[in-house]
Amino acid sequence: MHEIVLKLVGVCRTAKLLTQLHSLTIRTGLLYDTHLAAKLTELYVELLPVHNGRKLFDEIPHPSIYTCNRILQRFCGNKRYEEVLSLFSSTFLFEKPDHFTLLFVLKACSALNALNFGKTIHGLGKKHGNIDSNMFLGSGLIDMYSKCGNMDDALRTFEEYSKPDIVLWTTLVTGYEKNFKPDEALAVFSGMVMTRGVIPDPINLVTVVSACTQLLNLKAGKNIHGFLIRKGYENPLPLFNALLNLYTKTGSIEYAGSLFRIIEEKDVISWSCMISCCAHNGATDRAISLFDEMIYKGVEPNSVCMISALQACEASCNIEKGRKIHELAFQKGLERDILVSTALIDMYMSCCAPNEAIMVFDRMLNKDAVSWFALLCGCVQNGMANKSMQIFCDMMASDIQPDATMMVKILGSCSELGVLQLTCCLHGYVIRGGFISNLFIGASLIECYAKCGSLEEAIEVFERLTDKDVVIWSSMFAGYGIHGQARESIKLFHRMVTDSTVRPNKVTFLSILAACSHAGFVEEGIEFFNMMLNEYQLMPESKHYAIIVDLLGRTGELDKAMCIINQMQSQVGPHVWGALLSACKIHQNAEIGEVAARNLLRLDPDHAGYYILLSNVYAVDGKWDDAAELRSSIKEKELKKITGQSVVKL
DNA sequence: TTAACGTAAC
């Protein structure tokens, strides 16, 4: 009977048969056989991951260490780490564990981040035997310390071994790499090769290449590439993939391409890396054709691969292909992956199809902060300020806490909407969320209040901020500028220069110049422009010139404005010519006006506003024929002037 | 019975 049951247990592969065998052993009293009970327990752990194999294990009268180890090993394999620790604690309280036992328990400690438990195991190992001679235990210990973020103890453990093997070295290098200490990882590796003369193997090099990738150290990676070619390792696919990843992250599309070509048996990771490399380095069409080629060759795409292909569609605004990949992801059941869905949202949003993005979002079963952020940013990007505000509220209602970046985005939408109450509300969130001293958010709040019409609130936010940086000061200058208070803006500028160590930058001067322009402070504006050039040695950009031209234009100094434009070292942008053209209209100078208009139309031939400005110049100068001709060419081109709008809710 | 490695979203 015993023999038969044991044989049946040996071939048992279903949970149903297992429970039948179990009751049989109970009825016949065979469960008291240690060997049989151990076999049954192992089967329980293997076949019924949710079943508590412990219960049966506890019924075994005298389990051997071997049986215990087998159970621990199976628990580890099923990621039931807490049960590993609990089984160990109850069984080995008085028993002496062997090296195998400790190894499985260490694995559980690593996974559970149980540093103190791990330290106890370390002590136990030392007490019970000579762990120094056991490399397996050594790598387990180093791995445990590394995964718990304790590299000091990892190194100390490593140093207890006088002749570490390649695995031990790799474990230490990996520890540094995984703890974001790539410099140390490379230092250990170099010590291993140069001082100790250990020859690296492909697995070791994978970690080293990962460290190079963290450092974006292309040169070291290329050396490893050369080394492995000289060595002629067999099938180092993971290493090839790691190198591909390095080339991808460093934007070395040429190296990636030539490596990719020589990989004989590419797996989905190799394809994903190459697709991602092309998608992020301007070769979007190639990325998409690589994806098609991969599908054609029968390689099963995973979510990572889908995401890379979707990014290629996003970068090239290829919505048609994006939709096809969406369909494929749906068929493969990959749309359920939160990362794929988020990539789909990004893709549709970048392709100006916010409604399709919203549909993807609505279908998502689980939404995390990133997916909400993608949706919110996309709506902002597509000019849907109202919708983005609604999304923000829905997100808060779903108990997702916004982070600082998200707050900056939503404040941007809010300032576009110009609704003061909303700004006050968001200000409340900023305070409750503990973001009040965040300078990025502070600058957004100042801008937001200023644009919503409440300069007082903007000033209050400004004054409360300690450690104001140049952005905060500049935001406040701009705030005054929006409200036409150039005098205050200038006063504040002098306060910044005298009371703080903050040095103005180009944006600072842009804000000040805009304030001067808005209030018609011609002399002061020109003074600041000169200060920027001479005192701070900042090279003005096209935007600064546009304001200066505008200011000179107001006083009718068109020749001087023209002269400044001719001396510009940076490229003359449309705003500069636009400012000149407006001035020409006011001062009825068709000659310079025409120069400005021709340049404008050269830069942006489809801008209806420029045609209208030019026709106005002709009209005030009495050149009615020219004006009429221009107006009809606008009609021919079917250009429409977009009417300017600005809203402030009171 | 036992140890080390690779890809993705903001």
# chains A, B, ... in the order shown; residues from 1 in each chain; ligands from 1
>>> residues_around(residues="DT2 in chain B", least_positions_apart="4", cutoff="10 Å", atoms="only C-alpha atoms (C1' of nucleotides)", output="NGL selection string")
:A and (73 or 99-104 or 135-137 or 140)
>>> interface_residues(of="chain A", to="chain B", cutoff="6 Å", atoms="only C-alpha atoms (C1' of nucleotides)", output="VMD selection string")
chain A and resid 100 136 139 167 170 to 171 203 206 to 207 238 241 to 242 269 304 339 370
>>> select_by_dssp(residues="range 55-275 of chain A", states="helix (DSSP H, G or I)", output="MDAnalysis selection string")
chainID A and resid 55:59 65:77 81:91 99:112 115:128 131:133 135:147 151:159 166:178 182:195 202:215 218:231 237:249 253:262 268:275
>>> atom_distance(atom1="CA of Lys127 in chain A", atom2="CA of Pro97 in chain A")
10.9 Å
>>> atom_distance(atom1="CA of Ala154 in chain A", atom2="CA of Ala111 in chain A")
15.8 Å
>>> atom_distance(atom1="CA of Leu552 in chain A", atom2="CA of Ala597 in chain A")
17.7 Å
